[in-house]
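Structure, as structure tokens:
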Amino acid sequence: MWALLVLIGAASVSAHLHDLSFDGQKVFRVIPQNDEQVEILNFLASIMEVDFWQPDSVTLVRPNKMQVDFRVEAEKSFNVEDFLKESGMEYQVLIDNLQAALDAQFDSQARTAGHSYVKYNNWNTIADWTVDIAAQNPNLVSRSVIGKTYEGRPMYLLKLGKSGANKKAIFMDCGFHAREWISPAFCQWFVKEAVETYGKDTAMTTLLDKLDFYVLPVVNIDGYVYTWTNDRMWRKTRSKNTGTTCIGTDPNRNFDAGWCTLGASDYPCSSTYCGSTPESEKETKALADFIREHLSTIKAYLTIHSYSQLLLFPYSYTYNLPSNYQELNSIAKAASKELASLYNTEYTYGPGATTIWGSDDWAYDQGIKYSFTFELRDTGRYGFLLPESQIKPTCEETFLAVKYIANYVLEHLY
């Protein structure tokens with residue numbers, strides 16, 4: 001068996017997944033039953049390029065309880081399948097041909113030229129939309145620039161709310177990882193829903209009267225652009241790393257909270273590379289600076305990712321529970337129930353350490369008591385390639401959960 005693997009690996013250590021066609025690439029799901037099977041996955045990852053989808057790093061794989069989804073190149077997929085059979089590991093092929101899944105994303109009926117809330121919009125379309133939505137709703141929405149990306153693109157932030165004195169705020173960001181397209185789609189949907197229901201829906205009207213919402217529609221803009229132009233599966237930023245040709249840092253692992261420990265890599269070619277220092281990335285730094293400057297008003301932090309259908313709260317970098325664990329857990333439970341009320345979509349909730357990790361740890365450590373990470377649909381059937389026909393239901397149900405959390409925060413201001 002090991003001989004077979006060495007054979008697979010021999011030609012492939014230098015091979016890259018960044019070919020433009022994903023024809024024949026497969027996504028596998030395995031559930032390692034014991035430490036030995038975890039070791040086998042580690043070995044596989046050490047001899048060939050494996051793109052881990054869930055969890056996003058092989059170092060986070062644990063036996064028995066967790067589904068592991070990963071992508072391999074077309075020419076390696078049969079060998080990998082043979083290898084999994086030989087090792088006795090239970091597996092299934094989640095996506096048989098990645099290119100077909102990629103093409104099938106664009107299955108919505110809406111094929112308008114401009115911006116649409118029910119299709120995926122490229123960055124230029126989103127940037128134009130930020131101008132329009134602010135211009136159309138001057139009493140509710142304003143737009144500012146909080147920084148520039150590595151490639152020099154302005155990072156637009158929308159502020160939603162009726163103007164008023166001493167208002168507290170909720171900060172929400174989308175698009176940390178470039179390939180998680182459903183995430184920016186939600187930030188756009190949230191803004192639309194907020195302005196459209198203001199004055200009609202009492203709960204939303206109260207929220208916007210009494211709170212401000214800061215919405216950052218895309219954090220990792222350069223990476224997002226790259227997923228539209230070069231590599232749909234790209235995840236990191238697009239910054240250059242000294243001493244290597246490998247590009248980019250995982251912006252979500254670039255925060256000064258358990259920096260470069262569990263689940264992060266100090267190897268620049270890794271998809272979970274933590275960066276040369278905390279906040280080495282312009283995008284991370286701009287976001288962190290903005291939050292630090294507004295710490296006295298920001299009372300909740302929500303970050304939107306995909307996929308897995310999870311609602312997480314701190315901590316991820318340690319198994320220690322936050323001091324208000326009971327409260328966060330009951331909020332997450334109620335918000336998940338609210339989310340499920342529409343389409344019966346089941347979410348798992350709990351502290352991130354049992355699953356993944358995120359910028360919510362950092363925000364919580366800054367003193368933002370209510371910090372949550374959403375991992376939106378689905379649970380792996382499409383993974384990062386959620387079809388456009390699922391944008392609307394995904395956003396509708398997520399909106400209910402966010403609204404629940406916002407209401408809770410408004411009633412429990414500190």
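Labels used: A, B, ... for chains in the order of the structure tokens, numbers from 1 for residues in each chain, and numbers from 1 for ligands as shown.
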Mind dumping a table of every region 170-196 of chain A residue within 6 Å of region 216-235 of chain A, with the nearest atom pair and its distance in Å to one decimal, using only C-alpha atoms, sorted by chain and rising number, as a tab-separated table?
residue	atom	partner	partner_atom	distance
A:Asp173	CA	A:Leu216	CA	4.6
A:Cys174	CA	A:Val218	CA	5.2
A:Gly175	CA	A:Val218	CA	4.5
A:Phe176	CA	A:Val219	CA	5.1
A:His177	CA	A:Arg235	CA	4.9
A:Ala178	CA	A:Tyr224	CA	4.4
A:Arg179	CA	A:Arg235	CA	5.4
A:Pro184	CA	A:Pro217	CA	5.4
A:Cys187	CA	A:Pro217	CA	5.3
Atoms kept (C-alpha atoms) for selection, written as a compact mmCIF listing (two decimals), in the first residue's frame:
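Saved to part_9.txt:
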# COMPACT_ATOMS: atom_id res chain seq x y z
CA ASP A 173 -17.77 40.74 7.39
CA CYS A 174 -17.93 38.38 4.43
CA GLY A 175 -15.48 36.94 1.93
CA PHE A 176 -12.46 36.12 4.09
CA HIS A 177 -11.69 33.06 1.99
CA ALA A 178 -11.83 33.84 -1.71
CA ARG A 179 -13.59 30.69 -2.89
CA PRO A 184 -20.28 37.89 0.00
CA CYS A 187 -23.56 40.41 3.03
What are the DSSP strand (DSSP E) residues of region 260-334 of chain A, as a short mmCIF file (atom, residue, chain, number, x, y, z; two decimals) with C-alpha atoms, in the first residue's frame?
data_model
loop_
_atom_site.label_atom_id
_atom_site.label_comp_id
_atom_site.auth_asym_id
_atom_site.auth_seq_id
_atom_site.Cartn_x
_atom_site.Cartn_y
_atom_site.Cartn_z
CA ILE A 298 -18.94 47.60 18.52
CA LYS A 299 -20.82 45.12 20.70
CA ALA A 300 -21.02 42.14 18.36
CA TYR A 301 -18.82 40.66 15.64
CA LEU A 302 -20.20 38.31 12.99
CA THR A 303 -18.04 36.71 10.33
CA ILE A 304 -19.59 34.74 7.47
CA HIS A 305 -17.89 31.74 5.87
CA SER A 306 -18.82 28.51 4.11
CA LEU A 310 -22.15 25.67 11.67
CA LEU A 311 -22.70 28.52 14.09
CA LEU A 312 -19.54 28.91 16.14
CA PHE A 313 -18.25 31.08 18.92
#
Return the single residue from A:Glu396, A:Gly383, A:Lys369, A:Asn324 that is closest to Thr345 (chain A), with distances computed using only C-alpha atoms.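 Checking each of A:Glu396, A:Gly383, A:Lys369, A:Asn324 against Thr345 (chain A), counting only C-alpha atoms, the winner is A:Glu396.
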For a quick check of understanding, using only C-alpha atoms, which of A:Gln309, A:Thr205, A:Ser142, A:Thr272 has the smallest distance to Asp51 (chain A)?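 Counting only C-alpha atoms, the residue closest to Asp51 (chain A) is A:Thr272.
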When you look at region 113-123 of chain A with a cut-off of 8 Å (counting only C-alpha atoms), what residues show up, excluding the ones that are within fewer than 2 positions of it in the same chain? I need them as a count of residues only. 21
Do you know which residues are at most 12 Å from Ile170 (chain A) counting only C-alpha atoms, after dropping those on the same chain fewer than 5 positions away, and could you put them as a tab-separated table (two decimals) with N, CA and C atoms, in the first residue's frame?
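Final output, result_25.tsv:
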chain	number	residue	atom	x	y	z
A	158	LEU	N	-19.83	49.42	4.40
A	158	LEU	CA	-21.15	50.07	4.44
A	158	LEU	C	-21.59	50.19	5.89
A	159	LYS	N	-22.11	51.37	6.23
A	159	LYS	CA	-22.66	51.57	7.56
A	159	LYS	C	-24.17	51.72	7.42
A	160	LEU	N	-24.91	50.85	8.09
A	160	LEU	CA	-26.38	50.88	8.02
A	160	LEU	C	-26.95	51.35	9.34
A	161	GLY	N	-27.95	52.22	9.28
A	161	GLY	CA	-28.61	52.65	10.50
A	161	GLY	C	-29.08	54.09	10.38
A	207	LEU	N	-34.13	47.81	15.07
A	207	LEU	CA	-32.69	47.53	15.03
A	207	LEU	C	-31.92	48.68	14.37
A	208	LEU	N	-32.43	49.16	13.24
A	208	LEU	CA	-31.71	50.22	12.52
A	208	LEU	C	-31.85	51.57	13.20
A	210	LYS	N	-31.90	51.88	16.50
A	210	LYS	CA	-31.14	51.85	17.75
A	210	LYS	C	-29.70	51.36	17.63
A	211	LEU	N	-29.39	50.68	16.52
A	211	LEU	CA	-28.04	50.15	16.33
A	211	LEU	C	-27.51	50.56	14.96
A	212	ASP	N	-26.20	50.56	14.82
A	212	ASP	CA	-25.59	50.65	13.49
A	212	ASP	C	-25.03	49.29	13.12
A	213	PHE	N	-25.05	48.99	11.84
A	213	PHE	CA	-24.42	47.77	11.34
A	213	PHE	C	-23.29	48.18	10.41
A	214	TYR	N	-22.09	47.71	10.70
A	214	TYR	CA	-20.98	47.88	9.76
A	214	TYR	C	-20.88	46.60	8.94
A	215	VAL	N	-20.97	46.73	7.63
A	215	VAL	CA	-20.92	45.54	6.78
A	215	VAL	C	-19.75	45.66	5.80
A	216	LEU	N	-18.82	44.72	5.89
A	216	LEU	CA	-17.69	44.66	4.96
A	216	LEU	C	-18.00	43.54	3.97
A	291	ILE	N	-11.82	47.94	13.77
A	291	ILE	CA	-12.49	47.44	14.97
A	291	ILE	C	-11.87	48.04	16.24
A	294	HIS	N	-13.08	51.43	16.90
A	294	HIS	CA	-14.50	51.55	17.25
A	294	HIS	C	-14.90	50.58	18.36
A	295	LEU	N	-13.91	50.18	19.15
A	295	LEU	CA	-14.18	49.18	20.20
A	295	LEU	C	-15.22	49.63	21.21
A	296	SER	N	-15.28	50.94	21.45
A	296	SER	CA	-16.24	51.41	22.46
A	296	SER	C	-17.67	51.25	21.98
A	297	THR	N	-17.87	51.18	20.66
A	297	THR	CA	-19.25	51.06	20.15
A	297	THR	C	-19.61	49.67	19.62
A	298	ILE	N	-18.61	48.92	19.12
A	298	ILE	CA	-18.94	47.60	18.52
A	298	ILE	C	-19.20	46.58	19.62
A	299	LYS	N	-20.41	46.04	19.63
A	299	LYS	CA	-20.82	45.12	20.70
A	299	LYS	C	-21.00	43.69	20.21
A	300	ALA	N	-20.93	43.50	18.90
A	300	ALA	CA	-21.02	42.14	18.36
A	300	ALA	C	-20.20	42.06	17.09
A	301	TYR	N	-19.62	40.90	16.85
A	301	TYR	CA	-18.82	40.66	15.64
A	301	TYR	C	-19.33	39.38	14.99
A	302	LEU	N	-19.72	39.48	13.73
A	302	LEU	CA	-20.20	38.31	12.99
A	302	LEU	C	-19.36	38.15	11.73
A	303	THR	N	-18.82	36.96	11.54
A	303	THR	CA	-18.04	36.71	10.33
A	303	THR	C	-18.66	35.53	9.58
A	363	ALA	N	-11.68	38.94	17.90
A	363	ALA	CA	-12.66	39.97	18.27
A	363	ALA	C	-13.09	39.80	19.73
A	368	ILE	N	-15.07	42.13	22.58
A	368	ILE	CA	-16.41	42.06	21.95
A	368	ILE	C	-17.05	40.75	22.39
A	369	LYS	N	-18.00	40.89	23.31
A	369	LYS	CA	-18.56	39.76	24.03
A	369	LYS	C	-19.34	38.80	23.13
A	370	TYR	N	-20.00	39.38	22.13
A	370	TYR	CA	-20.83	38.54	21.25
A	370	TYR	C	-20.13	38.39	19.90
A	371	SER	N	-19.35	37.32	19.77
A	371	SER	CA	-18.58	37.09	18.54
A	371	SER	C	-18.93	35.71	17.98
A	372	PHE	N	-19.36	35.69	16.73
A	372	PHE	CA	-19.82	34.44	16.12
A	372	PHE	C	-19.28	34.26	14.71
A	402	VAL	N	-29.18	36.03	12.02
A	402	VAL	CA	-28.45	37.28	12.30
A	402	VAL	C	-29.37	38.27	13.01
A	403	LYS	N	-30.60	38.32	12.55
A	403	LYS	CA	-31.57	39.23	13.16
A	403	LYS	C	-31.82	38.85	14.62
A	405	ILE	N	-29.68	37.33	16.63
A	405	ILE	CA	-28.49	37.73	17.41
A	405	ILE	C	-28.49	39.24	17.64
A	406	ALA	N	-28.82	40.01	16.58
A	406	ALA	CA	-28.83	41.47	16.69
A	406	ALA	C	-29.84	41.93	17.74
A	407	ASN	N	-31.02	41.31	17.73
A	407	ASN	CA	-32.04	41.64	18.73
A	407	ASN	C	-31.56	41.34	20.14
A	408	TYR	N	-30.90	40.20	20.27
A	408	TYR	CA	-30.38	39.81	21.58
A	408	TYR	C	-29.37	40.85	22.07
A	409	VAL	N	-28.46	41.22	21.15
A	409	VAL	CA	-27.42	42.19	21.52
A	409	VAL	C	-28.05	43.53	21.94
A	410	LEU	N	-29.07	43.95	21.18
A	410	LEU	CA	-29.75	45.21	21.51
A	410	LEU	C	-30.37	45.16	22.91
A	413	LEU	N	-27.18	45.19	25.86
A	413	LEU	CA	-26.02	46.06	25.61
A	413	LEU	C	-25.17	46.18	26.87
Neighbour list for Glu81 (chain A) as a ChimeraX atom specification, cut-off 9 Å, only C-alpha atoms, skip fewer than 6 positions in-chain: /A:28,91,93
